[in-house]
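What follows is entry.txt (compact mmCIF, C-alpha atoms).
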# COMPACT_ATOMS: atom_id res chain seq x y z
CA ASP A 1 21.05 -59.08 -48.82
CA ALA A 2 22.30 -55.71 -50.02
CA GLY A 3 26.01 -55.28 -49.55
CA ILE A 4 26.20 -52.42 -47.13
CA THR A 5 28.57 -52.12 -44.20
CA GLN A 6 29.05 -49.48 -41.57
CA SER A 7 32.14 -48.76 -39.51
CA PRO A 8 32.76 -48.50 -36.70
CA ARG A 9 29.84 -50.47 -35.28
CA HIS A 10 30.42 -49.12 -31.80
CA LYS A 11 32.25 -46.03 -30.65
CA VAL A 12 32.61 -44.18 -27.37
CA THR A 13 34.07 -40.72 -27.55
CA GLU A 14 34.29 -37.52 -25.53
CA THR A 15 32.51 -34.25 -26.04
CA GLY A 16 34.33 -31.98 -28.46
CA THR A 17 36.15 -34.68 -30.39
CA PRO A 18 35.61 -35.24 -34.12
CA VAL A 19 34.00 -38.48 -35.24
CA THR A 20 33.60 -39.99 -38.70
CA LEU A 21 31.28 -42.85 -39.52
CA ARG A 22 31.72 -44.70 -42.77
CA CYS A 23 29.13 -46.37 -44.96
CA HIS A 24 30.34 -48.64 -47.74
CA GLN A 25 28.13 -50.30 -50.36
CA THR A 26 28.86 -52.84 -53.07
CA GLU A 27 25.50 -52.48 -54.86
CA ASN A 28 26.37 -49.43 -56.99
CA HIS A 29 23.17 -47.72 -55.80
CA ARG A 30 22.96 -44.04 -56.54
CA TYR A 31 21.14 -42.91 -53.40
CA MET A 32 22.65 -43.06 -49.92
CA TYR A 33 21.26 -41.79 -46.61
CA TRP A 34 22.29 -41.26 -43.02
CA TYR A 35 19.61 -41.58 -40.34
CA ARG A 36 19.78 -41.43 -36.60
CA GLN A 37 17.43 -43.36 -34.37
CA ASP A 38 16.49 -42.30 -30.88
CA PRO A 39 13.77 -43.49 -28.51
CA GLY A 40 10.57 -41.53 -29.04
CA HIS A 41 11.77 -40.03 -32.30
CA GLY A 42 12.09 -42.91 -34.67
CA LEU A 43 14.39 -42.66 -37.66
CA ARG A 44 15.30 -39.10 -38.62
CA LEU A 45 17.17 -38.17 -41.78
CA ILE A 46 20.47 -36.35 -41.27
CA HIS A 47 21.86 -36.03 -44.80
CA TYR A 48 21.46 -37.84 -48.06
CA SER A 49 23.28 -38.16 -51.37
CA TYR A 50 21.90 -38.52 -54.86
CA GLY A 51 25.24 -39.04 -56.57
CA VAL A 52 28.97 -38.57 -56.22
CA LYS A 53 29.61 -35.14 -54.68
CA ASP A 54 25.85 -34.47 -54.63
CA THR A 55 24.47 -34.21 -51.12
CA ASP A 56 21.66 -32.44 -49.34
CA LYS A 57 20.43 -31.85 -45.81
CA GLY A 58 17.77 -33.78 -44.00
CA GLU A 59 15.65 -32.74 -41.05
CA VAL A 60 18.37 -32.96 -38.36
CA SER A 61 21.54 -31.89 -40.16
CA ASP A 62 22.91 -29.36 -37.64
CA GLY A 63 26.29 -30.48 -36.29
CA TYR A 64 26.82 -33.01 -39.09
CA SER A 65 28.55 -32.94 -42.44
CA VAL A 66 28.85 -35.57 -45.15
CA SER A 67 31.01 -36.38 -48.12
CA ARG A 68 30.70 -38.73 -51.05
CA SER A 69 33.77 -38.85 -53.24
CA LYS A 70 32.99 -42.32 -54.63
CA THR A 71 29.75 -44.11 -55.42
CA GLU A 72 30.43 -46.76 -52.80
CA ASP A 73 31.35 -44.58 -49.80
CA PHE A 74 29.30 -42.08 -47.82
CA LEU A 75 30.95 -40.52 -44.79
CA LEU A 76 29.20 -38.83 -41.89
CA THR A 77 31.31 -36.46 -39.78
CA LEU A 78 30.59 -34.91 -36.44
CA GLU A 79 33.05 -32.03 -36.30
CA SER A 80 32.77 -31.63 -32.54
CA ALA A 81 30.67 -34.32 -30.91
CA THR A 82 28.11 -33.39 -28.25
CA SER A 83 26.18 -35.58 -25.83
CA SER A 84 22.99 -34.91 -27.81
CA GLN A 85 24.56 -36.80 -30.70
CA THR A 86 24.62 -40.03 -28.71
CA SER A 87 22.48 -42.24 -30.89
CA VAL A 88 22.34 -45.20 -33.22
CA TYR A 89 23.24 -44.17 -36.75
CA PHE A 90 21.96 -46.08 -39.77
CA CYS A 91 23.17 -45.80 -43.30
CA ALA A 92 20.76 -46.78 -46.07
CA ILE A 93 20.93 -47.12 -49.83
CA SER A 94 18.36 -47.23 -52.61
CA GLU A 95 18.38 -47.68 -56.37
CA ARG A 96 15.94 -44.90 -57.11
CA PRO A 97 14.43 -41.85 -55.41
CA ASN A 98 11.66 -42.77 -53.00
CA GLY A 99 12.61 -46.40 -53.45
CA GLU A 100 12.97 -49.25 -51.01
CA LEU A 101 15.77 -48.65 -48.53
CA PHE A 102 18.38 -51.22 -47.59
CA PHE A 103 19.92 -50.48 -44.22
CA GLY A 104 23.32 -51.11 -42.78
CA GLU A 105 23.62 -52.76 -39.39
CA GLY A 106 23.93 -49.48 -37.54
CA SER A 107 26.66 -47.68 -35.62
CA ARG A 108 26.12 -47.05 -31.93
CA LEU A 109 27.82 -43.81 -30.87
CA THR A 110 28.14 -42.71 -27.26
CA VAL A 111 29.41 -39.21 -26.52
CA LEU A 112 30.47 -38.75 -22.90
CA GLY B 1 5.55 -30.30 -43.15
CA GLN B 2 4.69 -33.90 -42.58
CA ASN B 3 3.02 -35.68 -39.70
CA ILE B 4 2.91 -39.45 -39.28
CA ASP B 5 1.10 -41.10 -36.39
CA GLN B 6 1.30 -44.69 -35.19
CA PRO B 7 0.42 -46.28 -31.85
CA THR B 8 3.47 -46.57 -29.63
CA GLU B 9 2.93 -50.11 -28.48
CA MET B 10 0.59 -53.05 -29.06
CA THR B 11 0.31 -56.51 -27.59
CA ALA B 12 -1.18 -59.63 -29.12
CA THR B 13 -1.24 -63.38 -28.65
CA GLU B 14 0.49 -66.00 -30.73
CA GLY B 15 -1.78 -67.21 -33.53
CA ALA B 16 -3.96 -64.10 -33.47
CA ILE B 17 -4.38 -61.27 -35.99
CA VAL B 18 -3.20 -57.73 -35.32
CA GLN B 19 -3.72 -54.50 -37.24
CA ILE B 20 -1.22 -51.66 -36.89
CA ASN B 21 -2.54 -48.32 -38.08
CA CYS B 22 -0.69 -45.38 -39.55
CA THR B 23 -2.16 -41.99 -40.37
CA TYR B 24 -0.28 -39.30 -42.20
CA GLN B 25 -0.61 -35.70 -43.26
CA THR B 26 1.67 -34.58 -46.02
CA SER B 27 1.66 -32.60 -49.24
CA GLY B 28 2.39 -34.29 -52.52
CA PHE B 29 2.03 -37.83 -51.18
CA ASN B 30 3.73 -40.44 -53.36
CA GLY B 31 3.73 -43.74 -51.49
CA LEU B 32 3.90 -45.49 -48.14
CA PHE B 33 6.33 -48.09 -46.85
CA TRP B 34 6.22 -50.48 -43.92
CA TYR B 35 9.45 -51.72 -42.36
CA GLN B 36 10.06 -54.25 -39.61
CA GLN B 37 12.80 -53.74 -37.06
CA HIS B 38 13.79 -56.30 -34.46
CA ALA B 39 15.45 -54.97 -31.32
CA GLY B 40 19.09 -54.14 -31.93
CA GLU B 41 18.85 -54.75 -35.65
CA ALA B 42 18.40 -52.74 -38.83
CA PRO B 43 14.97 -52.10 -40.36
CA THR B 44 13.96 -54.41 -43.20
CA PHE B 45 11.43 -53.76 -45.96
CA LEU B 46 7.96 -55.29 -45.64
CA SER B 47 5.68 -53.56 -48.12
CA TYR B 48 5.07 -50.59 -50.37
CA ASN B 49 1.70 -49.08 -51.29
CA VAL B 50 1.21 -46.36 -53.85
CA LEU B 51 -2.37 -47.09 -54.95
CA ASP B 52 -5.46 -47.49 -52.82
CA GLY B 53 -6.23 -51.00 -51.72
CA LEU B 54 -4.81 -54.06 -50.09
CA GLU B 55 -1.46 -55.65 -50.92
CA GLU B 56 -1.08 -59.17 -49.60
CA LYS B 57 2.22 -60.89 -49.04
CA GLY B 58 1.98 -64.14 -47.13
CA ARG B 59 0.98 -63.53 -43.52
CA PHE B 60 1.43 -59.78 -43.94
CA SER B 61 -0.91 -57.41 -45.76
CA SER B 62 -0.82 -53.64 -46.12
CA PHE B 63 -3.69 -51.33 -46.94
CA LEU B 64 -3.70 -47.76 -48.17
CA SER B 65 -6.39 -45.10 -48.50
CA ARG B 66 -4.89 -42.00 -50.08
CA SER B 67 -8.05 -39.92 -49.62
CA LYS B 68 -8.10 -40.63 -45.88
CA GLY B 69 -4.35 -40.43 -45.31
CA TYR B 70 -4.49 -43.86 -43.71
CA SER B 71 -2.70 -47.15 -43.91
CA TYR B 72 -2.60 -50.31 -41.88
CA LEU B 73 -0.38 -53.34 -41.65
CA LEU B 74 -2.21 -56.59 -40.97
CA LEU B 75 -0.31 -59.50 -39.47
CA LYS B 76 -2.04 -62.89 -39.43
CA GLU B 77 -1.20 -66.09 -37.57
CA LEU B 78 1.12 -64.22 -35.28
CA GLN B 79 4.37 -65.88 -34.29
CA MET B 80 6.73 -65.03 -31.47
CA LYS B 81 9.28 -63.87 -34.03
CA ASP B 82 6.86 -61.13 -35.09
CA SER B 83 7.68 -59.28 -31.88
CA ALA B 84 9.38 -56.21 -33.31
CA SER B 85 8.85 -52.57 -34.12
CA TYR B 86 6.89 -51.73 -37.25
CA LEU B 87 7.77 -48.47 -38.96
CA CYS B 88 5.50 -46.56 -41.28
CA ALA B 89 7.23 -44.21 -43.74
CA VAL B 90 5.92 -41.90 -46.45
CA THR B 91 7.47 -40.45 -49.58
CA ASN B 92 6.55 -37.28 -51.41
CA THR B 93 6.67 -36.48 -55.10
CA GLY B 94 9.79 -34.52 -55.90
CA PHE B 95 11.60 -35.62 -52.76
CA GLN B 96 14.26 -38.25 -52.63
CA LYS B 97 13.83 -39.42 -49.09
CA LEU B 98 11.51 -41.26 -46.77
CA VAL B 99 10.08 -39.76 -43.62
CA PHE B 100 9.43 -42.25 -40.84
CA GLY B 101 6.87 -42.40 -38.09
CA THR B 102 8.08 -43.21 -34.59
CA GLY B 103 7.18 -46.87 -34.97
CA THR B 104 4.86 -49.32 -33.21
CA ARG B 105 6.40 -51.87 -30.91
CA LEU B 106 4.52 -55.14 -31.11
CA LEU B 107 4.85 -57.71 -28.37
CA VAL B 108 3.57 -61.20 -29.13
CA SER B 109 2.96 -63.40 -26.12
CA PRO B 110 2.40 -67.17 -25.94
Let's see the structure in the file written out as structure tokens.
Amino acid sequence: DAGITQSPRHKVTETGTPVTLRCHQTENHRYMYWYRQDPGHGLRLIHYSYGVKDTDKGEVSDGYSVSRSKTEDFLLTLESATSSQTSVYFCAISERPNGELFFGEGSRLTVL
Amino acid sequence: GQNIDQPTEMTATEGAIVQINCTYQTSGFNGLFWYQQHAGEAPTFLSYNVLDGLEEKGRFSSFLSRSKGYSYLLLKELQMKDSASYLCAVTNTGFQKLVFGTGTRLLVSP
């Protein structure tokens, strides 16, 4: 199994508070992704990274920012959480563009 | 833009065969993935098709027709553990990301 871990796995927070989710990989893969998964919408891409300090927006990037200062870590930040950001967040990694994705176990975020 | 369609839910009986369809509309199509996701777990890779035809892998097979924008996942000799969601995802040339359909939830009954 690909070495990819997400933290925290579960978080409950209040509207307006900042939240950071961390994705850590031990595979040295270049590409890293953050998806959110909601009923009726499937997996939707938030942001992705194609190298250290190289990131780009996905289809649902509003309200989210990311940073990648090291190959192994990809951080997703909600500057001011809203209830619409209650979701399950998955990090994924791949060796090459358009390649097979390996997913982390997911982080369940509830914004009250 | 891209559009990916899959049935929302399907039911089948243990030991049977089931076909899950996926149709897509996208520019610059590169390839199509199928992932399996059990409830409460992360998606895991099943198959990848880039050329037309059938790719067989044990009890699972995946088919692609690029000209028709169509793929299917065929599951044979269904087992209870096959109850899961099956996600179709497409990639485009020049892009570095997958776009997923909403998934098909398969329920296998005894």
Item checked: Residue hits in chain A, query chain B, radius 12 Å, all atoms listed in the file, as a ChimeraX atom specification -> /A:1-2,4-6,9,30-51,55-60,88-108
Notebook entry, point to check: Skipping near chain neighbours, those fewer than 5 positions away, what residues fall within 8 Å of Leu107 (chain B) using all atoms listed in the file, listed as a ChimeraX atom specification?
Noted result: /B:9-12,82-84
Next, write the just-selected residues to a file, as a compact mmCIF listing (two decimals), in the frame of the given file, keeping C-alpha atoms as the atom set.
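For reference, selection.txt as written:
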# COMPACT_ATOMS: atom_id res chain seq x y z
CA GLU B 9 2.93 -50.11 -28.48
CA MET B 10 0.59 -53.05 -29.06
CA THR B 11 0.31 -56.51 -27.59
CA ALA B 12 -1.18 -59.63 -29.12
CA ASP B 82 6.86 -61.13 -35.09
CA SER B 83 7.68 -59.28 -31.88
CA ALA B 84 9.38 -56.21 -33.31
Check: Counting all atoms listed in the file, which of B:Ser85, B:Ser109, B:Thr13, B:Ser62 gets nearest to Ala39 (chain B)?
Finding: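 The answer is B:Ser85, which sits nearest to Ala39 (chain B).
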Margin query: I'd like the interatomic distance between CA of Glu72 (chain A) and CA of Cys23 (chain A), to a tenth of an Å.
Written below: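 Rounded to one decimal, the two atoms are 8.0 Å apart.
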Notebook entry, point to check: Counting all atoms listed in the file, what is within 8 Å of Asp52 (chain B), bar same-chain residues fewer than 2 positions away, as an MDAnalysis selection string?
Noted result: chainID B and resid 49:50 54 63:66
Can you write out the residues you just picked, keeping C-alpha atoms, as a tab-separated table (two decimals), in the coordinates of the input?
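Contents of part-v6.tsv, freshly written:
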chain	number	residue	atom	x	y	z
B	49	ASN	CA	1.70	-49.08	-51.29
B	50	VAL	CA	1.21	-46.36	-53.85
B	54	LEU	CA	-4.81	-54.06	-50.09
B	63	PHE	CA	-3.69	-51.33	-46.94
B	64	LEU	CA	-3.70	-47.76	-48.17
B	65	SER	CA	-6.39	-45.10	-48.50
B	66	ARG	CA	-4.89	-42.00	-50.08
Item checked: Residue nearest Ala16 (chain B) - candidates B:Ile4, B:Leu73, B:Leu51, B:Met80, atoms counted: all atoms listed in the file -> B:Met80
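Take CA of Gln6 (chain B) and CA of Asp62 (chain A): the distance between them is 26.6 Å.
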Margin query: Between CA of Thr26 (chain B) and CA of Gly69 (chain B), what is the distance in Å, rounded to a tenth?
Written below: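 CA of Gly69 (chain B) lies at a distance of 8.4 Å from CA of Thr26 (chain B).
For the point (28.9, -50.1, -57.6), the residues with at least one atom inside 7 Å, counting only C-alpha atoms, are Thr26, Glu27, Asn28, His29, Thr71 and Glu72 of chain A.
Non-sequential neighbours of Ser61 (chain B) (distance at most 7 Å, separation of 3 or more positions within a chain, all atoms listed in the file) are Leu54, Glu55, Glu56, Lys57, Leu73, Leu74 and Leu75 of chain B.
Nearest to Val18 (chain B) of all the residues B:Lys76, B:Arg105, B:Pro110, B:Tyr70 is B:Lys76, counting only C-alpha atoms.
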Checklist line | Residue nearest Thr17 (chain A) - candidates A:Ser61, A:Thr110, A:Gly3, A:Thr82, atoms counted: all atoms listed in the file | finding: A:Thr82
